[in-house]
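J.: Contents of model_22.cif (mmCIF, C-alpha atoms) are given next:
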```cif
data_run
loop_
_atom_site.group_PDB
_atom_site.id
_atom_site.type_symbol
_atom_site.label_atom_id
_atom_site.label_comp_id
_atom_site.auth_asym_id
_atom_site.auth_seq_id
_atom_site.Cartn_x
_atom_site.Cartn_y
_atom_site.Cartn_z
ATOM 1 C CA MET A 1 17.178 10.728 -8.572
ATOM 2 C CA LEU A 2 15.012 8.028 -6.986
ATOM 3 C CA LYS A 3 16.244 4.467 -7.328
ATOM 4 C CA LYS A 4 14.344 1.660 -9.001
ATOM 5 C CA VAL A 5 13.024 -1.305 -7.054
ATOM 6 C CA SER A 6 15.627 -3.578 -8.666
ATOM 7 C CA GLU A 7 18.389 -1.210 -7.535
ATOM 8 C CA LEU A 8 17.120 -1.152 -3.955
ATOM 9 C CA LEU A 9 16.625 -4.920 -3.738
ATOM 10 C CA LEU A 10 19.623 -6.323 -1.876
ATOM 11 C CA ARG A 11 20.898 -9.492 -3.548
ATOM 12 C CA PRO A 12 21.935 -11.284 -0.308
ATOM 13 C CA ALA A 13 18.483 -10.439 1.048
ATOM 14 C CA VAL A 14 16.598 -12.409 -1.613
ATOM 15 C CA ILE A 15 15.428 -15.585 0.137
ATOM 16 C CA LEU A 16 13.615 -18.029 -2.126
ATOM 17 C CA LYS A 17 12.537 -20.293 0.718
ATOM 18 C CA LEU A 18 11.746 -18.658 4.017
ATOM 19 C CA ASN A 19 12.001 -20.883 7.086
ATOM 20 C CA GLY A 20 9.790 -18.777 9.357
ATOM 21 C CA ARG A 21 6.067 -19.424 9.510
ATOM 22 C CA GLU A 22 5.070 -16.568 11.775
ATOM 23 C CA LYS A 23 5.205 -12.877 10.945
ATOM 24 C CA SER A 24 7.823 -11.980 13.559
ATOM 25 C CA ALA A 25 10.098 -14.889 12.551
ATOM 26 C CA VAL A 26 9.893 -13.901 8.878
ATOM 27 C CA ILE A 27 10.655 -10.260 9.646
ATOM 28 C CA THR A 28 13.709 -11.306 11.674
ATOM 29 C CA GLU A 29 14.823 -13.614 8.845
ATOM 30 C CA LEU A 30 14.506 -10.856 6.236
ATOM 31 C CA THR A 31 16.239 -8.329 8.472
ATOM 32 C CA ALA A 32 19.307 -10.519 9.091
ATOM 33 C CA PRO A 33 20.954 -9.917 5.666
ATOM 34 C CA LEU A 34 20.436 -6.154 6.045
ATOM 35 C CA VAL A 35 22.317 -6.337 9.337
ATOM 36 C CA THR A 36 25.101 -8.439 7.797
ATOM 37 C CA GLU A 37 25.456 -5.928 4.958
ATOM 38 C CA GLY A 38 25.810 -3.095 7.456
ATOM 39 C CA LEU A 39 22.590 -1.278 6.513
ATOM 40 C CA VAL A 40 21.020 -1.579 9.946
ATOM 41 C CA THR A 41 22.663 0.110 12.912
ATOM 42 C CA SER A 42 20.383 -1.526 15.478
ATOM 43 C CA GLN A 43 18.503 -4.686 14.586
ATOM 44 C CA GLU A 44 16.484 -4.440 17.786
ATOM 45 C CA ASP A 45 15.327 -0.885 17.046
ATOM 46 C CA PHE A 46 14.531 -1.694 13.429
ATOM 47 C CA ILE A 47 12.453 -4.762 14.268
ATOM 48 C CA ALA A 48 10.664 -2.787 16.980
ATOM 49 C CA ALA A 49 9.810 -0.104 14.373
ATOM 50 C CA ILE A 50 8.574 -2.707 11.906
ATOM 51 C CA MET A 51 6.455 -4.456 14.542
ATOM 52 C CA ARG A 52 4.988 -1.168 15.745
ATOM 53 C CA ARG A 53 3.682 -0.592 12.232
ATOM 54 C CA GLU A 54 2.509 -4.173 11.954
ATOM 55 C CA ASN A 55 0.390 -3.640 15.058
ATOM 56 C CA LEU A 56 -1.315 -0.607 13.490
ATOM 57 C CA GLU A 57 -1.499 -1.455 9.803
ATOM 58 C CA SER A 58 -2.332 -4.275 7.461
ATOM 59 C CA THR A 59 0.868 -4.535 5.466
ATOM 60 C CA GLY A 60 -0.642 -7.464 3.618
ATOM 61 C CA ILE A 61 -1.840 -5.765 0.425
ATOM 62 C CA GLY A 62 -3.806 -8.794 -0.726
ATOM 63 C CA PHE A 63 -3.205 -11.328 -3.517
ATOM 64 C CA GLY A 64 -0.724 -13.189 -1.275
ATOM 65 C CA VAL A 65 1.611 -10.206 -0.950
ATOM 66 C CA ALA A 66 2.857 -8.373 2.145
ATOM 67 C CA ILE A 67 5.098 -5.314 2.359
ATOM 68 C CA PRO A 68 6.237 -4.817 5.959
ATOM 69 C CA HIS A 69 8.058 -1.505 6.188
ATOM 70 C CA ALA A 70 9.585 1.058 8.517
ATOM 71 C CA ARG A 71 11.350 4.399 8.341
ATOM 72 C CA THR A 72 13.744 4.766 11.237
ATOM 73 C CA ASN A 73 17.107 6.133 12.308
ATOM 74 C CA ALA A 74 18.271 2.535 12.704
ATOM 75 C CA ILE A 75 18.670 2.345 8.896
ATOM 76 C CA ARG A 76 21.645 3.786 6.991
ATOM 77 C CA GLU A 77 20.188 3.664 3.452
ATOM 78 C CA THR A 78 16.989 2.486 1.809
ATOM 79 C CA ALA A 79 16.948 -1.202 0.962
ATOM 80 C CA ILE A 80 14.501 -3.960 0.102
ATOM 81 C CA ALA A 81 14.607 -7.595 1.199
ATOM 82 C CA PHE A 82 12.465 -10.247 -0.448
ATOM 83 C CA GLY A 83 11.373 -13.635 0.837
ATOM 84 C CA ARG A 84 9.092 -16.322 -0.512
ATOM 85 C CA SER A 85 7.081 -18.576 1.774
ATOM 86 C CA ASP A 86 5.697 -21.912 0.612
ATOM 87 C CA THR A 87 3.274 -22.193 3.507
ATOM 88 C CA GLY A 88 2.251 -18.545 3.611
ATOM 89 C CA VAL A 89 2.382 -16.102 6.519
ATOM 90 C CA ASP A 90 -0.466 -14.175 8.138
ATOM 91 C CA PHE A 91 0.062 -10.444 7.578
ATOM 92 C CA SER A 92 -3.596 -9.564 8.298
ATOM 93 C CA SER A 93 -4.443 -8.917 4.664
ATOM 94 C CA LEU A 94 -7.867 -7.424 4.073
ATOM 95 C CA ASP A 95 -8.653 -10.245 1.653
ATOM 96 C CA GLY A 96 -7.877 -12.755 4.402
ATOM 97 C CA LYS A 97 -5.238 -14.576 2.354
ATOM 98 C CA LEU A 98 -1.842 -15.676 3.659
ATOM 99 C CA SER A 99 1.177 -13.905 2.169
ATOM 100 C CA HIS A 100 3.607 -15.928 0.070
ATOM 101 C CA LEU A 101 5.596 -13.008 -1.359
ATOM 102 C CA ILE A 102 7.040 -10.745 1.313
ATOM 103 C CA PHE A 103 8.980 -7.583 0.534
ATOM 104 C CA LEU A 104 10.483 -5.779 3.498
ATOM 105 C CA ILE A 105 11.344 -2.101 3.017
ATOM 106 C CA ALA A 106 13.827 -0.387 5.307
ATOM 107 C CA ALA A 107 14.420 3.352 5.003
ATOM 108 C CA PRO A 108 16.219 6.066 6.956
ATOM 109 C CA GLU A 109 13.930 8.391 8.924
ATOM 110 C CA ALA A 110 14.937 11.423 6.843
ATOM 111 C CA LEU A 111 14.145 9.898 3.441
ATOM 112 C CA LYS A 112 10.352 10.072 3.516
ATOM 113 C CA ARG A 113 9.956 10.839 -0.202
ATOM 114 C CA GLU A 114 12.098 7.898 -1.314
ATOM 115 C CA TYR A 115 10.349 5.652 1.200
ATOM 116 C CA ILE A 116 6.853 6.496 -0.018
ATOM 117 C CA TRP A 117 7.893 6.368 -3.665
ATOM 118 C CA THR A 118 9.386 2.898 -3.135
ATOM 119 C CA LEU A 119 6.288 1.644 -1.332
ATOM 120 C CA ALA A 120 4.057 2.981 -4.105
ATOM 121 C CA LYS A 121 6.206 1.568 -6.895
ATOM 122 C CA LEU A 122 6.401 -1.862 -5.291
ATOM 123 C CA SER A 123 2.688 -1.978 -4.415
ATOM 124 C CA SER A 124 1.745 -1.083 -7.964
ATOM 125 C CA LEU A 125 4.145 -3.656 -9.394
ATOM 126 C CA LEU A 126 2.949 -6.451 -7.133
ATOM 127 C CA ARG A 127 -0.721 -5.986 -7.916
ATOM 128 C CA ARG A 128 0.035 -7.360 -11.375
ATOM 129 C CA GLU A 129 -0.771 -11.034 -11.592
ATOM 130 C CA ASP A 130 1.991 -11.790 -14.076
ATOM 131 C CA VAL A 131 4.601 -10.257 -11.750
ATOM 132 C CA ARG A 132 3.324 -12.273 -8.803
ATOM 133 C CA ASN A 133 3.260 -15.495 -10.812
ATOM 134 C CA GLY A 134 6.761 -14.812 -12.083
ATOM 135 C CA LEU A 135 8.052 -14.303 -8.558
ATOM 136 C CA LEU A 136 6.257 -17.387 -7.250
ATOM 137 C CA ASN A 137 7.851 -19.512 -9.957
ATOM 138 C CA ALA A 138 11.337 -17.960 -10.039
ATOM 139 C CA ARG A 139 13.993 -20.631 -9.508
ATOM 140 C CA THR A 140 16.968 -18.354 -8.948
ATOM 141 C CA VAL A 141 17.773 -14.928 -7.545
ATOM 142 C CA ASP A 142 18.640 -13.802 -11.081
ATOM 143 C CA GLU A 143 15.133 -14.726 -12.219
ATOM 144 C CA VAL A 144 13.658 -12.613 -9.422
ATOM 145 C CA TYR A 145 15.677 -9.626 -10.637
ATOM 146 C CA ALA A 146 14.773 -10.337 -14.257
ATOM 147 C CA ILE A 147 11.031 -10.258 -13.512
ATOM 148 C CA ILE A 148 11.216 -7.028 -11.537
ATOM 149 C CA GLU A 149 13.419 -5.342 -14.132
ATOM 150 C CA GLN A 150 11.147 -6.450 -16.964
ATOM 151 C CA TYR A 151 8.035 -4.900 -15.437
ATOM 152 C CA GLU A 152 9.449 -1.807 -13.776
ATOM 153 C CA HIS A 153 10.657 -0.644 -17.194
ATOM 154 C CA LEU A 154 7.156 -0.778 -18.693
ATOM 155 C CA MET B 1 -19.719 4.409 18.930
ATOM 156 C CA ILE B 2 -17.519 4.789 15.873
ATOM 157 C CA GLN B 3 -15.204 1.820 15.444
ATOM 158 C CA ARG B 4 -14.513 1.839 11.720
ATOM 159 C CA ILE B 5 -14.264 4.852 9.419
ATOM 160 C CA LEU B 6 -14.038 4.650 5.643
ATOM 161 C CA LEU B 7 -12.345 7.584 3.896
ATOM 162 C CA ALA B 8 -12.898 7.764 0.130
ATOM 163 C CA ILE B 9 -10.644 9.883 -2.069
ATOM 164 C CA ASN B 10 -9.660 10.065 -5.707
ATOM 165 C CA ASP B 11 -7.856 13.347 -6.195
ATOM 166 C CA PRO B 12 -4.107 13.449 -5.478
ATOM 167 C CA THR B 13 -4.213 17.248 -5.180
ATOM 168 C CA ARG B 14 -7.078 17.394 -2.657
ATOM 169 C CA PHE B 15 -6.573 14.847 0.037
ATOM 170 C CA ARG B 16 -4.382 16.349 2.746
ATOM 171 C CA THR B 17 -6.962 18.278 4.764
ATOM 172 C CA VAL B 18 -9.663 15.658 4.585
ATOM 173 C CA ALA B 19 -7.131 12.964 5.446
ATOM 174 C CA ARG B 20 -5.723 14.903 8.395
ATOM 175 C CA TRP B 21 -9.211 15.641 9.736
ATOM 176 C CA THR B 22 -10.264 12.003 9.403
ATOM 177 C CA ILE B 23 -7.087 10.726 11.059
ATOM 178 C CA GLU B 24 -7.724 13.058 14.008
ATOM 179 C CA LEU B 25 -11.295 11.832 14.237
ATOM 180 C CA ALA B 26 -10.132 8.211 14.138
ATOM 181 C CA ALA B 27 -7.515 8.944 16.795
ATOM 182 C CA SER B 28 -10.047 10.619 19.061
ATOM 183 C CA CYS B 29 -12.363 7.621 19.028
ATOM 184 C CA SER B 30 -9.711 4.909 18.627
ATOM 185 C CA ALA B 31 -11.330 3.844 15.377
ATOM 186 C CA HIS B 32 -9.822 1.719 12.618
ATOM 187 C CA LEU B 33 -9.422 3.825 9.462
ATOM 188 C CA LEU B 34 -9.872 2.302 6.013
ATOM 189 C CA VAL B 35 -8.799 4.518 3.157
ATOM 190 C CA VAL B 36 -10.006 3.760 -0.356
ATOM 191 C CA TYR B 37 -8.586 5.506 -3.409
ATOM 192 C CA PHE B 38 -10.785 5.339 -6.507
ATOM 193 C CA LEU B 39 -8.976 5.202 -9.799
ATOM 194 C CA PRO B 40 -10.827 6.115 -12.994
ATOM 195 C CA ASP B 41 -12.497 3.065 -14.501
ATOM 196 C CA GLY B 42 -10.157 0.615 -16.204
ATOM 197 C CA ASN B 43 -7.016 2.054 -14.675
ATOM 198 C CA LEU B 44 -6.208 -0.785 -12.351
ATOM 199 C CA MET B 45 -2.939 -2.198 -13.615
ATOM 200 C CA ALA B 46 -3.692 -5.645 -12.235
ATOM 201 C CA ASN B 47 -6.260 -6.019 -15.018
ATOM 202 C CA ILE B 48 -4.059 -4.850 -17.889
ATOM 203 C CA SER B 49 -1.913 -7.197 -19.960
ATOM 204 C CA GLN B 50 1.760 -6.680 -20.711
ATOM 205 C CA THR B 51 1.029 -5.919 -24.375
ATOM 206 C CA GLU B 52 -1.552 -3.313 -23.460
ATOM 207 C CA LEU B 53 0.836 -1.851 -20.919
ATOM 208 C CA LYS B 54 3.393 -1.105 -23.581
ATOM 209 C CA ASN B 55 1.322 1.553 -25.254
ATOM 210 C CA LYS B 56 1.560 5.163 -24.163
ATOM 211 C CA LYS B 57 -1.916 5.484 -22.661
ATOM 212 C CA ASN B 58 -1.424 2.578 -20.311
ATOM 213 C CA ARG B 59 1.976 3.806 -19.218
ATOM 214 C CA LYS B 60 0.130 6.929 -18.089
ATOM 215 C CA ASN B 61 -2.390 4.729 -16.254
ATOM 216 C CA SER B 62 0.483 2.943 -14.567
ATOM 217 C CA SER B 63 1.734 6.194 -13.140
ATOM 218 C CA GLN B 64 -1.816 7.036 -12.000
ATOM 219 C CA GLU B 65 -1.855 3.902 -9.908
ATOM 220 C CA GLU B 66 1.564 4.727 -8.494
ATOM 221 C CA ILE B 67 0.340 8.215 -7.598
ATOM 222 C CA ALA B 68 -2.667 6.652 -5.883
ATOM 223 C CA TRP B 69 -0.359 4.461 -3.810
ATOM 224 C CA GLN B 70 1.793 7.469 -2.951
ATOM 225 C CA VAL B 71 -1.295 9.289 -1.638
ATOM 226 C CA LEU B 72 -2.325 6.239 0.374
ATOM 227 C CA TYR B 73 1.116 5.766 1.897
ATOM 228 C CA HIS B 74 1.310 9.477 2.776
ATOM 229 C CA ILE B 75 -1.952 9.051 4.684
ATOM 230 C CA GLU B 76 -0.688 5.849 6.268
ATOM 231 C CA ASP B 77 2.445 7.616 7.456
ATOM 232 C CA GLU B 78 0.390 10.382 9.096
ATOM 233 C CA ALA B 79 -1.958 7.876 10.689
ATOM 234 C CA PHE B 80 1.017 5.960 12.043
ATOM 235 C CA GLU B 81 2.283 9.136 13.748
ATOM 236 C CA GLN B 82 -1.020 9.328 15.600
ATOM 237 C CA ASN B 83 -1.234 5.623 16.444
ATOM 238 C CA VAL B 84 -4.290 5.129 14.250
ATOM 239 C CA ARG B 85 -4.919 1.646 12.891
ATOM 240 C CA ILE B 86 -5.179 1.888 9.117
ATOM 241 C CA SER B 87 -5.788 -0.243 6.029
ATOM 242 C CA LEU B 88 -5.366 0.851 2.425
ATOM 243 C CA ILE B 89 -7.453 -0.132 -0.578
ATOM 244 C CA ILE B 90 -7.345 0.781 -4.275
ATOM 245 C CA GLU B 91 -10.567 0.444 -6.203
ATOM 246 C CA THR B 92 -11.936 1.130 -9.623
ATOM 247 C CA GLY B 93 -15.450 1.158 -11.039
ATOM 248 C CA GLU B 94 -18.711 2.757 -10.000
ATOM 249 C CA GLN B 95 -18.010 4.521 -6.704
ATOM 250 C CA PHE B 96 -21.470 4.406 -5.128
ATOM 251 C CA GLU B 97 -21.818 0.657 -5.533
ATOM 252 C CA ARG B 98 -18.278 -0.049 -4.369
ATOM 253 C CA LEU B 99 -18.673 2.219 -1.331
ATOM 254 C CA LYS B 100 -21.864 0.397 -0.387
ATOM 255 C CA GLU B 101 -20.067 -2.943 -0.698
ATOM 256 C CA LEU B 102 -17.097 -1.754 1.351
ATOM 257 C CA CYS B 103 -19.407 -0.398 4.079
ATOM 258 C CA ASN B 104 -21.020 -3.805 4.367
ATOM 259 C CA SER B 105 -17.856 -5.903 4.008
ATOM 260 C CA TYR B 106 -15.899 -4.020 6.647
ATOM 261 C CA GLN B 107 -18.767 -3.053 8.964
ATOM 262 C CA ILE B 108 -18.120 0.640 8.517
ATOM 263 C CA ASP B 109 -19.748 3.052 10.977
ATOM 264 C CA LEU B 110 -18.962 6.332 9.224
ATOM 265 C CA LEU B 111 -18.113 7.308 5.667
ATOM 266 C CA VAL B 112 -15.997 10.392 4.912
ATOM 267 C CA VAL B 113 -16.014 11.563 1.293
ATOM 268 C CA SER B 114 -14.373 14.507 -0.385
ATOM 269 C CA ALA B 115 -17.139 16.066 -2.504
ATOM 270 C CA GLU B 116 -14.801 16.171 -5.481
ATOM 271 C CA SER B 117 -14.123 12.498 -5.101
ATOM 272 C CA SER B 118 -17.712 11.369 -5.401
ATOM 273 C CA GLN B 119 -19.362 10.974 -8.775
ATOM 274 C CA ASN B 120 -22.660 10.460 -6.977
ATOM 275 C CA VAL B 121 -22.941 12.936 -4.119
ATOM 276 C CA GLU B 122 -26.741 13.170 -4.226
ATOM 277 C CA LYS B 123 -27.077 9.418 -4.494
ATOM 278 C CA LEU B 124 -24.838 8.942 -1.466
ATOM 279 C CA ILE B 125 -26.783 11.506 0.569
ATOM 280 C CA GLN B 126 -30.045 9.708 -0.173
ATOM 281 C CA TYR B 127 -29.019 6.082 -0.152
ATOM 282 C CA SER B 128 -25.782 5.684 1.794
ATOM 283 C CA PRO B 129 -26.065 2.715 4.126
ATOM 284 C CA LYS B 130 -24.068 4.622 6.769
ATOM 285 C CA PRO B 131 -23.776 8.243 7.958
ATOM 286 C CA VAL B 132 -21.702 10.310 5.519
ATOM 287 C CA ILE B 133 -19.560 13.389 6.055
ATOM 288 C CA PHE B 134 -18.795 15.355 2.897
ATOM 289 C CA PHE B 135 -15.894 17.717 2.497
ATOM 290 C CA LYS B 136 -17.020 20.510 0.214
ATOM 291 C CA SER B 137 -13.419 21.206 -0.712
ATOM 292 C CA ASP B 138 -9.995 20.354 0.607
ATOM 293 C CA LYS B 139 -10.104 23.434 2.792
ATOM 294 C CA GLU B 140 -13.598 23.207 4.248
ATOM 295 C CA VAL B 141 -15.416 20.713 6.387
#
```
As a first step, turn the structure in this file into structure tokens.
T.:
Amino acid sequence: MLKKVSELLLRPAVILKLNGREKSAVITELTAPLVTEGLVTSQEDFIAAIMRRENLESTGIGFGVAIPHARTNAIRETAIAFGRSDTGVDFSSLDGKLSHLIFLIAAPEALKREYIWTLAKLSSLLRREDVRNGLLNARTVDEVYAIIEQYEHL
Amino acid sequence: MIQRILLAINDPTRFRTVARWTIELAASCSAHLLVVYFLPDGNLMANISQTELKNKKNRKNSSQEEIAWQVLYHIEDEAFEQNVRISLIIETGEQFERLKELCNSYQIDLLVVSAESSQNVEKLIQYSPKPVIFFKSDKEV
């Protein structure tokens, strides 16, 4: 059974105010809680995998949203980190906009189906304007979960 | 010289061969690959309200968009294995017009279209702004 986005989102990895202003700094910031929670076996390898994808793909899906992601043996189980940036971060979105909502997906190499399903689910969810507005205005981590749960059930 | 290739698809059951072929082409000429998935008109969830989403028909549409993303991320994963630069787009509406716009916006050099995915094959052959390669089916070039 594939898990929902709200089940994969790691509570300590919900950061309502990101400090980083550059892509690499934000990725490191979002990765840190995954390391602390023991989901990443090698932070260096995971960040290298994420950055390799970033160099080949536009993980900015437009509308101020980016979904950096990687599937690698440096990950124990699939997890999502979320960060919000007031200033916005350049994830090379096709629409040219900076990303304010950044969801980082980490998945084990072997779990391709779960990885792609999670990416698809999250991308579909985040194209909805009301979801994006809800996440931009959420004041607490609980509100972030409430918005995701509300819409992923529809 | 081919620097940017646009691959247009809309059928989740007929994309693997055309995608693989296009990724190999992009790899061989170090081109940037843009993949656009066309959803049937009105199926883009970004344009549908929460109330509308609650009815059965729109729940089905929601899963169509998720399937489209799954197809796109499958292609992305394969492209990544071959070090091909890739961008993903979901579109709705009249395919010929949108393809023309995308060709201009992203300075596309070559368009690859699965014949099943185009509502306007003849129109594209006659009026495409860029060279087009059609796949007659998923199994044939």
J.: Give as a PyMOL selection string the residues that the PyMOL selection byres ((chain A) within 10 of (chain B)) matches when applied to the coordinates above.
T.: chain A and resi 52-62+70-71+92-94+112-113+115-131+151+153-154
J.: Applied to this file, what does the PyMOL selection byres ((chain A and resi 29-42) around 9) return in terms of residues, put as an NGL selection string?
T.: :A and (10 or 12-15 or 18-20 or 24-28 or 43-47 or 73-83 or 102-104 or 106)
J.: Using all atoms listed in the file, which of the listed residues (B:Ile23, B:Pro40, B:Asn10, B:Cys29) sits closest to Thr92 in chain B?
T.: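 So, comparing all the options, the nearest one is B:Pro40.
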J.: For the atom pair CA of Glu149 in chain A and CA of Phe91 in chain A, what is the interatomic distance in Å to one decimal place?
T.: 26.0 Å
J.: For this structure, which residues satisfy the selection - the PyMOL selection byres ((chain B and resi 113) around 12) - when it is evaluated on the file as given? I want them as a tab-separated table (two decimals) with C-alpha atoms, keeping the file's coordinate frame.
T.:
```
chain	number	residue	atom	x	y	z
B	5	ILE	CA	-14.26	4.85	9.42
B	6	LEU	CA	-14.04	4.65	5.64
B	7	LEU	CA	-12.34	7.58	3.90
B	8	ALA	CA	-12.90	7.76	0.13
B	9	ILE	CA	-10.64	9.88	-2.07
B	10	ASN	CA	-9.66	10.06	-5.71
B	11	ASP	CA	-7.86	13.35	-6.20
B	14	ARG	CA	-7.08	17.39	-2.66
B	15	PHE	CA	-6.57	14.85	0.04
B	17	THR	CA	-6.96	18.28	4.76
B	18	VAL	CA	-9.66	15.66	4.58
B	19	ALA	CA	-7.13	12.96	5.45
B	21	TRP	CA	-9.21	15.64	9.74
B	22	THR	CA	-10.26	12.00	9.40
B	35	VAL	CA	-8.80	4.52	3.16
B	36	VAL	CA	-10.01	3.76	-0.36
B	37	TYR	CA	-8.59	5.51	-3.41
B	38	PHE	CA	-10.78	5.34	-6.51
B	95	GLN	CA	-18.01	4.52	-6.70
B	96	PHE	CA	-21.47	4.41	-5.13
B	99	LEU	CA	-18.67	2.22	-1.33
B	110	LEU	CA	-18.96	6.33	9.22
B	111	LEU	CA	-18.11	7.31	5.67
B	112	VAL	CA	-16.00	10.39	4.91
B	114	SER	CA	-14.37	14.51	-0.38
B	115	ALA	CA	-17.14	16.07	-2.50
B	116	GLU	CA	-14.80	16.17	-5.48
B	117	SER	CA	-14.12	12.50	-5.10
B	118	SER	CA	-17.71	11.37	-5.40
B	119	GLN	CA	-19.36	10.97	-8.78
B	120	ASN	CA	-22.66	10.46	-6.98
B	121	VAL	CA	-22.94	12.94	-4.12
B	124	LEU	CA	-24.84	8.94	-1.47
B	125	ILE	CA	-26.78	11.51	0.57
B	128	SER	CA	-25.78	5.68	1.79
B	130	LYS	CA	-24.07	4.62	6.77
B	131	PRO	CA	-23.78	8.24	7.96
B	132	VAL	CA	-21.70	10.31	5.52
B	133	ILE	CA	-19.56	13.39	6.06
B	134	PHE	CA	-18.80	15.36	2.90
B	135	PHE	CA	-15.89	17.72	2.50
B	136	LYS	CA	-17.02	20.51	0.21
B	137	SER	CA	-13.42	21.21	-0.71
B	138	ASP	CA	-9.99	20.35	0.61
B	141	VAL	CA	-15.42	20.71	6.39
```
J.: Which of these residues is nearest to Asp90 in chain A, using all atoms listed in the file: A:Leu135, A:Pro68, A:Gln150, A:Val5?
T.: A:Pro68
J.: Rounded to one decimal, what separation in Å do you get between CA of Gly64 in chain A and CA of His100 in chain A?
T.: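 Going from CA of Gly64 in chain A over to CA of His100 in chain A, I get 5.3 Å.
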J.: Suppose you want the space between CA of Asp95 in chain A and CA of Phe63 in chain A; what is it in Å?
T.: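 Interatomic distance, CA of Asp95 in chain A to CA of Phe63 in chain A: 7.6 Å.
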J.: So for range 66-72 of chain B, what box centre and size do we get, axis-aligned, 3 Å extra on each of the six sides, every listed atom, Å to one decimal, as JSON?
T.:
```
{"center_x": -0.4, "center_y": 6.9, "center_z": -4.1, "size_x": 10.5, "size_y": 10.8, "size_z": 14.9}
```
